[in-house]
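To start, the structure itself, in structure tokens.
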Amino acid sequence: MKPLSLLIEILIILGVTIKTIKAEEHNKRQKERNVTTQVSVNEIKQYLSHILEQRTSSNVINKRENLLEKKKNQRKIRIKGIQNKDILKRNKNHLQKQAEKNFTDEGDQLFKMGIKVLQQSKSQKQKEEAYLLFAKAADMGNLKAMEKMADALLFGNFGVQNITAAIQLYESLAKEGSCKAQNALGFLSSYGIGMEYDQAKALIYYTFGSAGGNMMSQMILGYRYLSGINVLQNCEVALSYYKKVADYIADTFEKSEGVPVEKVSLGQLHLIGRKGLDQDYYKALHYFLKAAKAGSANAMAFIGKMYLEGNAAVPQNNATAFKYFSMAASKGNAIGLHGLGLLYFHGKGVPLNYAEALKYFQKAAEKGWPDAQFQLGFMYYSGSGIWKDYKLAFKYFYLASQSGQPLAIYYLAKMYATGTGVVRSCRTAVELYKGVCELGHWAEKFLTAYFAYKDGDIDSSLVQYALLAEMGYEVAQSNSAFILESKKANILEKEKMYPMALLLWNRAAIQGNAFARVKIGDYHYYGYGTKKDYQTAATHYSIAANKYHNAQAMFNLAYMYEHGLGITKDIHLARRLYDMAAQTSPDAHIPVLFAVMKLETTHLLRDILFFNQFTTRWNWLKLDNTIGPHWDLFVIGLIVPGLILLLRNHHG
């Protein structure tokens with residue numbers, strides 16, 4: 001058994017509610033466990049030295065306490081003795097509180113060390129080391145560490161998924177006021193994963209989680225009020241929830257005043273850590289310097305960015321940033337121009353000068369750089385050095401938002417929410433705020449969910465996608481539904497999978513996913529998770545065909561018109577829809593070819609062989625009895641080989 005698995009099992013058995021355990025009992029348990037971690041040697045030495053001091057201090061305190069107790073028993077009960085008793089009681093309480101404080105501080109140290117190791121981890125082994133520290137801190141009653149361990153149990157980090165244990169831990173944490181635990185219990189109740197399926201209870205948990213400041217709960221409630229999921233649809237309430245989260249995310253973006261990174265060079269990939277490359281500022285600088293020497297204006301601009309922000313490879317230096325931004329700008333580089341604009345706008349390394357900033361932002365914006373477009377919009381919106389002009393602010397925010405600039409989207413949402421410079425629109429504001437909220441750090445779960453699925457850990461992947469789906473991510477709704485309908489997951493009963501998948505396909509379809517709309521049609525056509533209903537199936541196929549021009553929906557609808565399933569039989573409309581499907585998607589050519597051949601052959605036989613109503617009925621009945629109800633497919637099977645032979649002879 002792995003060390004992490006062993007620790008988790010021990011935590012489960014103990015109930016992980018050890019917040020008030022005495023320091024002596026903890027010391028004994030720590031010796032018995034004898035778990036070590038491979039963090040950096042210096043950190044371990046420093047940490048152990050600190051713990052040793054605490055242990056020595058604790059021993060001295062315990063000796064003093066025992067001595068005082070002994071003296072107290074030897075004294076006679078007098079007025080002076082009563083006073084001594086009060087003093088001893090106060091001393092005992094003080095010593096106990098001190099021991100508990102030392103115990104708590106030690107847990108905090110372990111948790112912080114675990115966070116540090118996790119942030120710097122570049123391998124699975126290092127991540128496991130971080131969770132060993134979290135496990136030890138959780139064992140000492142550290143609530144944040146307990147939350148980390150509960151998440152590990154729920155999401156199956158490092159192959160130790162145990163939903164039952166996670167729920168027990170979350171319930172314990174919820175009693176302590178953990179808003180993260182409230183959110184997790186709401187999520188599990190909403191799907192019926194390890195708990196009773198109860199939407200009312202889920203709503204209560206989410207409400208408490210949101211009140212405690214949990215942003216996932218706020219996003220979930222925002223999405224529920226936007227879509228009317230188990231609550232009355234209310235755009236204004238949705239707006240209030242989404243705004244809270246969007247304000248936080250926008251604040252984090254605004255603190256990053258540097259130049260954003262494009263997906264271009266090897267240096268940039270090392271700078272941000274993408275496409276399988278670890279973040280490495282030294283390598284990034286190496287590649288940028290090499291490219292800059294070769295004359296790359298982009299590389300010059302990114303060296304300027306590194307000096308503007310400062311990192312492990314280069315110290316923060318506004319003068320050097322100005323130098324490299326100027327070199328890039330002299331070549332007409334939009335990123336360099338924008339960088340100079342930022343320096344003048346914030347007065348970094350140069351005197352604050354809004355006029356100069358405006359000039360450089362305009363030049364970069366003309367070259368289509370979205371961050372410069374946003375900065376122009378912000379200057380007009382806030383009146384920084386120029387007259388406020390909300391129409392121009394809206395124009396530049398809109399231009400930048402078309403390239404996905406997050407702050408531009410945020411300010412557009414703000415304008416629509418307040419009716420500043422535009423006609424107020426709650427719905428538009430909510431949709432824009434929702435887009436900003438979906439850029440939060442929780443979106444990283446898409447990556448971990450994907451790798452879990454790829455590694456065959458279906459349950460872990462499903463739980464992560466399902467949480468994102470609950471938060472309103474349309475892609476996660478589709479992915480969760482796909483996993484559920486495959487029936488490979490084990491965390492839900494088989495009979496619940498199709499109904500839950502249908503619910504998720506429906507939510508994705510409402511958000512504009514054409515494939516999801518087709519899937520809803522399929523579920524009603526075949527009776528997956530619901531009753532067979534051809535009419536409802538045809539309705540959903542029609543929406544996907546007419547609104548999204550989906551070839552699969554056109555084909556399915558054509559088949560239904562051909563056979564009169566749920567709609568009035570119409571051969572001409574069936575032919576037209578088959579043709580439209582072939583024109584819409586090259587992949588539909590072959591299926592459409594066979595479908596049209598079958599349709600034409602069937603009606604050719606009708607015209608040639610059955611010349612009156614009586615004969616028609618008799619012969620159709622005879623064919624149905626002899627060959628079966630799908631005799632038309634049998635006929636196609638005979639015709640196709642004949643056509644192939646004719647084509648071969650023709651080319652021969």
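So you can find residues: chains in the structure tokens are A, B, ... in the order shown, residues in each start at 1, and ligands are numbered from 1 in order.
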Mind checking which residues fall within 10 Å of Tyr307 in chain A, counting only C-alpha atoms, ignoring those fewer than 2 positions away in the same chain, and posting them as a PyMOL selection string?
chain A and resi 258+302-305+309-311+313-324
Report the closest atom pair, with its distance in Å rounded to one decimal, for each residue of range 537-578 of chain A that has an atom no farther than 10 Å from range 585-602 of chain A; count only C-alpha atoms, sort by chain and then rising residue number, and write it as CSV.
residue,atom,partner,partner_atom,distance
A:His549,CA,A:Ser585,CA,9.7
A:Asn550,CA,A:Ser585,CA,8.4
A:Ala551,CA,A:Ser585,CA,6.0
A:Gln552,CA,A:Ala588,CA,7.7
A:Met554,CA,A:Ala588,CA,10.0
A:Phe555,CA,A:Val592,CA,7.4
A:Ala558,CA,A:Ala595,CA,9.4
A:Tyr559,CA,A:Ala595,CA,8.2
A:Glu562,CA,A:Leu599,CA,7.8
A:His563,CA,A:Leu599,CA,9.9
A:Ile571,CA,A:Leu599,CA,8.3
A:Ala574,CA,A:Leu599,CA,9.0
A:Arg575,CA,A:Val596,CA,7.0
A:Leu577,CA,A:Val592,CA,9.6
A:Tyr578,CA,A:Val592,CA,5.8
Can you spit out the residues from that selection as a PDB file, in the first residue's frame, using N, CA and C atoms?
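Saved result, part-v3.pdb, follows:
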ATOM      1  N   HIS A 549     -27.905  24.045 -38.760  1.00  0.00           N
ATOM      2  CA  HIS A 549     -27.556  23.421 -40.050  1.00  0.00           C
ATOM      3  C   HIS A 549     -26.735  22.148 -39.842  1.00  0.00           C
ATOM      4  N   ASN A 550     -27.181  21.324 -38.911  1.00  0.00           N
ATOM      5  CA  ASN A 550     -26.484  20.092 -38.582  1.00  0.00           C
ATOM      6  C   ASN A 550     -26.873  18.982 -39.559  1.00  0.00           C
ATOM      7  N   ALA A 551     -25.868  18.389 -40.218  1.00  0.00           N
ATOM      8  CA  ALA A 551     -26.120  17.392 -41.262  1.00  0.00           C
ATOM      9  C   ALA A 551     -26.770  16.129 -40.695  1.00  0.00           C
ATOM     10  N   GLN A 552     -26.314  15.685 -39.502  1.00  0.00           N
ATOM     11  CA  GLN A 552     -26.885  14.492 -38.886  1.00  0.00           C
ATOM     12  C   GLN A 552     -28.366  14.682 -38.598  1.00  0.00           C
ATOM     13  N   MET A 554     -30.406  16.714 -40.186  1.00  0.00           N
ATOM     14  CA  MET A 554     -31.106  16.721 -41.473  1.00  0.00           C
ATOM     15  C   MET A 554     -31.370  15.304 -41.953  1.00  0.00           C
ATOM     16  N   PHE A 555     -30.342  14.459 -41.822  1.00  0.00           N
ATOM     17  CA  PHE A 555     -30.478  13.073 -42.261  1.00  0.00           C
ATOM     18  C   PHE A 555     -31.552  12.351 -41.450  1.00  0.00           C
ATOM     19  N   ALA A 558     -34.959  13.586 -42.322  1.00  0.00           N
ATOM     20  CA  ALA A 558     -35.356  13.069 -43.632  1.00  0.00           C
ATOM     21  C   ALA A 558     -35.895  11.646 -43.511  1.00  0.00           C
ATOM     22  N   TYR A 559     -35.216  10.829 -42.725  1.00  0.00           N
ATOM     23  CA  TYR A 559     -35.657   9.447 -42.509  1.00  0.00           C
ATOM     24  C   TYR A 559     -37.049   9.413 -41.876  1.00  0.00           C
ATOM     25  N   GLU A 562     -39.555  10.325 -44.435  1.00  0.00           N
ATOM     26  CA  GLU A 562     -39.694   9.228 -45.389  1.00  0.00           C
ATOM     27  C   GLU A 562     -40.650   8.155 -44.874  1.00  0.00           C
ATOM     28  N   HIS A 563     -40.577   7.882 -43.563  1.00  0.00           N
ATOM     29  CA  HIS A 563     -41.372   6.802 -42.986  1.00  0.00           C
ATOM     30  C   HIS A 563     -42.577   7.294 -42.185  1.00  0.00           C
ATOM     31  N   ILE A 571     -42.435  12.406 -48.857  1.00  0.00           N
ATOM     32  CA  ILE A 571     -41.289  11.879 -49.615  1.00  0.00           C
ATOM     33  C   ILE A 571     -40.466  12.998 -50.238  1.00  0.00           C
ATOM     34  N   ALA A 574     -38.403  14.633 -47.644  1.00  0.00           N
ATOM     35  CA  ALA A 574     -37.341  13.693 -47.255  1.00  0.00           C
ATOM     36  C   ALA A 574     -36.183  13.776 -48.239  1.00  0.00           C
ATOM     37  N   ARG A 575     -36.517  13.777 -49.562  1.00  0.00           N
ATOM     38  CA  ARG A 575     -35.465  13.885 -50.587  1.00  0.00           C
ATOM     39  C   ARG A 575     -34.664  15.175 -50.410  1.00  0.00           C
ATOM     40  N   LEU A 577     -34.237  17.032 -47.731  1.00  0.00           N
ATOM     41  CA  LEU A 577     -33.412  17.007 -46.531  1.00  0.00           C
ATOM     42  C   LEU A 577     -32.185  16.117 -46.697  1.00  0.00           C
ATOM     43  N   TYR A 578     -32.353  14.991 -47.396  1.00  0.00           N
ATOM     44  CA  TYR A 578     -31.195  14.136 -47.678  1.00  0.00           C
ATOM     45  C   TYR A 578     -30.159  14.919 -48.500  1.00  0.00           C
TER      46      TYR A 578
END
Based on the backbone DSSP call, show me all residues of range 168-222 of chain A assigned alpha helix (DSSP H), as an MDAnalysis selection string.
chainID A and resid 168:175 179:191 199:211 215:222
How would the residues just picked look written out with N, CA and C atoms as a short mmCIF file (atom, residue, chain, number, x, y, z; two decimals), in the first residue's frame?
data_model
loop_
_atom_site.label_atom_id
_atom_site.label_comp_id
_atom_site.auth_asym_id
_atom_site.auth_seq_id
_atom_site.Cartn_x
_atom_site.Cartn_y
_atom_site.Cartn_z
N GLN A 168 -17.86 11.60 4.34
CA GLN A 168 -17.73 11.65 5.80
C GLN A 168 -16.87 12.83 6.23
N LEU A 169 -15.80 13.06 5.50
CA LEU A 169 -14.89 14.15 5.83
C LEU A 169 -15.54 15.50 5.54
N TYR A 170 -16.23 15.61 4.40
CA TYR A 170 -16.93 16.86 4.06
C TYR A 170 -18.00 17.19 5.09
N GLU A 171 -18.73 16.19 5.53
CA GLU A 171 -19.79 16.42 6.53
C GLU A 171 -19.19 16.92 7.84
N SER A 172 -18.03 16.35 8.21
CA SER A 172 -17.34 16.81 9.42
C SER A 172 -16.88 18.25 9.25
N LEU A 173 -16.35 18.57 8.06
CA LEU A 173 -15.87 19.93 7.78
C LEU A 173 -17.02 20.93 7.72
N ALA A 174 -18.15 20.51 7.16
CA ALA A 174 -19.32 21.39 7.06
C ALA A 174 -19.78 21.85 8.44
N LYS A 175 -19.69 20.94 9.41
CA LYS A 175 -20.07 21.29 10.79
C LYS A 175 -19.13 22.34 11.37
N CYS A 179 -17.04 26.34 3.88
CA CYS A 179 -17.90 26.62 2.73
C CYS A 179 -17.52 25.73 1.54
N LYS A 180 -16.26 25.30 1.49
CA LYS A 180 -15.82 24.39 0.43
C LYS A 180 -16.51 23.05 0.58
N ALA A 181 -16.64 22.59 1.82
CA ALA A 181 -17.33 21.33 2.09
C ALA A 181 -18.81 21.45 1.77
N GLN A 182 -19.41 22.60 2.08
CA GLN A 182 -20.82 22.84 1.75
C GLN A 182 -21.04 22.71 0.24
N ASN A 183 -20.13 23.29 -0.53
CA ASN A 183 -20.24 23.23 -1.99
C ASN A 183 -20.13 21.79 -2.48
N ALA A 184 -19.17 21.05 -1.94
CA ALA A 184 -18.96 19.66 -2.36
C ALA A 184 -20.18 18.80 -2.06
N LEU A 185 -20.77 18.99 -0.89
CA LEU A 185 -21.97 18.21 -0.52
C LEU A 185 -23.15 18.59 -1.41
N GLY A 186 -23.24 19.86 -1.78
CA GLY A 186 -24.28 20.29 -2.72
C GLY A 186 -24.13 19.62 -4.07
N PHE A 187 -22.89 19.57 -4.55
CA PHE A 187 -22.60 18.92 -5.83
C PHE A 187 -22.96 17.44 -5.82
N LEU A 188 -22.55 16.74 -4.76
CA LEU A 188 -22.83 15.31 -4.66
C LEU A 188 -24.32 15.03 -4.54
N SER A 189 -25.05 15.90 -3.82
CA SER A 189 -26.50 15.74 -3.70
C SER A 189 -27.20 15.99 -5.04
N SER A 190 -26.67 16.92 -5.81
CA SER A 190 -27.32 17.28 -7.08
C SER A 190 -27.23 16.16 -8.12
N TYR A 191 -26.21 15.29 -7.99
CA TYR A 191 -26.06 14.16 -8.92
C TYR A 191 -26.46 12.83 -8.30
N GLN A 199 -32.28 17.62 -4.97
CA GLN A 199 -32.00 18.96 -5.47
C GLN A 199 -32.27 20.05 -4.44
N ALA A 200 -33.27 19.85 -3.61
CA ALA A 200 -33.59 20.85 -2.57
C ALA A 200 -32.44 20.96 -1.58
N LYS A 201 -31.91 19.82 -1.18
CA LYS A 201 -30.79 19.82 -0.24
C LYS A 201 -29.55 20.42 -0.90
N ALA A 202 -29.35 20.11 -2.18
CA ALA A 202 -28.21 20.67 -2.92
C ALA A 202 -28.28 22.19 -2.92
N LEU A 203 -29.47 22.73 -3.13
CA LEU A 203 -29.66 24.18 -3.16
C LEU A 203 -29.32 24.81 -1.82
N ILE A 204 -29.68 24.15 -0.74
CA ILE A 204 -29.37 24.65 0.61
C ILE A 204 -27.86 24.67 0.82
N TYR A 205 -27.20 23.57 0.45
CA TYR A 205 -25.75 23.50 0.60
C TYR A 205 -25.07 24.61 -0.21
N TYR A 206 -25.51 24.80 -1.46
CA TYR A 206 -24.92 25.84 -2.31
C TYR A 206 -25.13 27.23 -1.71
N THR A 207 -26.30 27.45 -1.14
CA THR A 207 -26.60 28.75 -0.54
C THR A 207 -25.67 29.04 0.63
N PHE A 208 -25.46 28.02 1.49
CA PHE A 208 -24.53 28.19 2.61
C PHE A 208 -23.10 28.37 2.10
N GLY A 209 -22.73 27.60 1.07
CA GLY A 209 -21.39 27.73 0.50
C GLY A 209 -21.14 29.11 -0.06
N SER A 210 -22.14 29.64 -0.77
CA SER A 210 -22.04 30.98 -1.35
C SER A 210 -21.95 32.04 -0.27
N ALA A 211 -22.76 31.90 0.78
CA ALA A 211 -22.74 32.86 1.89
C ALA A 211 -21.37 32.89 2.56
N MET A 215 -16.64 30.57 -4.29
CA MET A 215 -16.94 31.09 -5.62
C MET A 215 -17.55 30.04 -6.54
N MET A 216 -17.22 28.77 -6.31
CA MET A 216 -17.86 27.71 -7.10
C MET A 216 -19.37 27.70 -6.82
N SER A 217 -19.74 27.82 -5.55
CA SER A 217 -21.16 27.86 -5.18
C SER A 217 -21.84 29.07 -5.81
N GLN A 218 -21.15 30.20 -5.83
CA GLN A 218 -21.71 31.41 -6.42
C GLN A 218 -21.92 31.24 -7.92
N MET A 219 -20.97 30.60 -8.58
CA MET A 219 -21.13 30.33 -10.02
C MET A 219 -22.29 29.38 -10.28
N ILE A 220 -22.39 28.33 -9.46
CA ILE A 220 -23.45 27.35 -9.63
C ILE A 220 -24.82 27.99 -9.44
N LEU A 221 -24.94 28.83 -8.42
CA LEU A 221 -26.21 29.52 -8.18
C LEU A 221 -26.51 30.50 -9.30
N GLY A 222 -25.48 31.18 -9.78
CA GLY A 222 -25.66 32.09 -10.92
C GLY A 222 -26.21 31.35 -12.12
#
Just give me the gap between CA of Phe446 in chain A and CA of Phe482 in chain A in Å, one decimal is fine.
14.7 Å
For a quick check of understanding, using only C-alpha atoms, which of A:Lys519, A:Ala138, A:Thr584, A:Asn157 has the smallest distance to Lys445 in chain A?
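Looking at the shortest contact to Lys445 in chain A, the residue is A:Asn157.
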Tell me which protein, DNA and RNA residues are within 12 Å of Phe253 in chain A, counting only C-alpha atoms, leaving out same-chain ones fewer than 5 positions away, and put them as a list in words.
Ala246, Asp247, Tyr248, Gly258, Val259, Pro260, Asp371, Gln405, Pro406, Leu407, Ala408, Ile409, Tyr410, Val436, Cys437, Leu439, Gly440 and His441 of chain A
Excluding Ala481 in chain A and its own-chain neighbours fewer than 2 positions away, which residues fall within 9 Å of it when counting only C-alpha atoms? Please give them as a ChimeraX atom specification.
/A:466,476-479,483-486,497-498,500-505
With only C-alpha atoms as the counted atoms, please give the residues lying no more than 12 Å from Ala301 in chain A, apart from itself and same-chain residues fewer than 2 positions off, as a PyMOL selection string.
chain A and resi 258-262+267-268+285+288-289+291-292+295-299+303-308+320-340
Tell me which of A:Tyr360, A:Tyr416, A:Tyr526, A:Trp442 sits closest to Leu343 in chain A, counting only C-alpha atoms.
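Going through A:Tyr360, A:Tyr416, A:Tyr526, A:Trp442 one by one, the smallest distance to Leu343 in chain A is for A:Tyr360.
For the pair CA of Gly141 in chain A and CA of Gln124 in chain A, the interatomic distance is 25.7 Å.
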List the neighbours of Thr539 in chain A out to 10 Å using only C-alpha atoms; skip same-chain residues closer than 6 positions along the sequence, and give me the result as a ChimeraX atom specification.
/A:517,520-521,545,557,566-567
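Going from CA of Phe374 in chain A over to CA of Tyr396 in chain A, you cover 6.0 Å.
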Neighbour list for Tyr528 in chain A as a PDB file with N, CA, C and O atoms, in the first residue's frame, cut-off 9 Å, only C-alpha atoms, skip fewer than 4 positions in-chain:
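Written out: part.pdb:
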ATOM      1  N   TYR A 498     -28.617   6.994 -18.040  1.00  0.00           N
ATOM      2  CA  TYR A 498     -29.268   7.609 -19.196  1.00  0.00           C
ATOM      3  C   TYR A 498     -30.101   8.837 -18.815  1.00  0.00           C
ATOM      4  O   TYR A 498     -30.018   9.873 -19.486  1.00  0.00           O
ATOM      5  N   PRO A 499     -30.910   8.768 -17.744  1.00  0.00           N
ATOM      6  CA  PRO A 499     -31.662   9.968 -17.355  1.00  0.00           C
ATOM      7  C   PRO A 499     -30.761  11.151 -17.021  1.00  0.00           C
ATOM      8  O   PRO A 499     -31.052  12.286 -17.401  1.00  0.00           O
ATOM      9  N   LEU A 502     -29.261  12.483 -20.263  1.00  0.00           N
ATOM     10  CA  LEU A 502     -30.271  13.266 -20.990  1.00  0.00           C
ATOM     11  C   LEU A 502     -30.384  14.667 -20.405  1.00  0.00           C
ATOM     12  O   LEU A 502     -30.466  15.658 -21.136  1.00  0.00           O
ATOM     13  N   ASP A 522     -32.095  11.767 -30.363  1.00  0.00           N
ATOM     14  CA  ASP A 522     -31.806  10.327 -30.347  1.00  0.00           C
ATOM     15  C   ASP A 522     -32.403   9.650 -29.113  1.00  0.00           C
ATOM     16  O   ASP A 522     -32.967   8.551 -29.200  1.00  0.00           O
ATOM     17  N   TYR A 523     -32.263  10.311 -27.961  1.00  0.00           N
ATOM     18  CA  TYR A 523     -32.766   9.731 -26.707  1.00  0.00           C
ATOM     19  C   TYR A 523     -34.281   9.549 -26.756  1.00  0.00           C
ATOM     20  O   TYR A 523     -34.813   8.542 -26.276  1.00  0.00           O
ATOM     21  N   HIS A 524     -34.978  10.512 -27.345  1.00  0.00           N
ATOM     22  CA  HIS A 524     -36.435  10.384 -27.453  1.00  0.00           C
ATOM     23  C   HIS A 524     -36.824   9.400 -28.558  1.00  0.00           C
ATOM     24  O   HIS A 524     -37.846   8.722 -28.455  1.00  0.00           O
ATOM     25  N   LYS A 532     -40.187   6.516 -25.444  1.00  0.00           N
ATOM     26  CA  LYS A 532     -40.072   6.757 -26.882  1.00  0.00           C
ATOM     27  C   LYS A 532     -41.080   7.816 -27.290  1.00  0.00           C
ATOM     28  O   LYS A 532     -42.249   7.748 -26.915  1.00  0.00           O
TER      29      LYS A 532
END
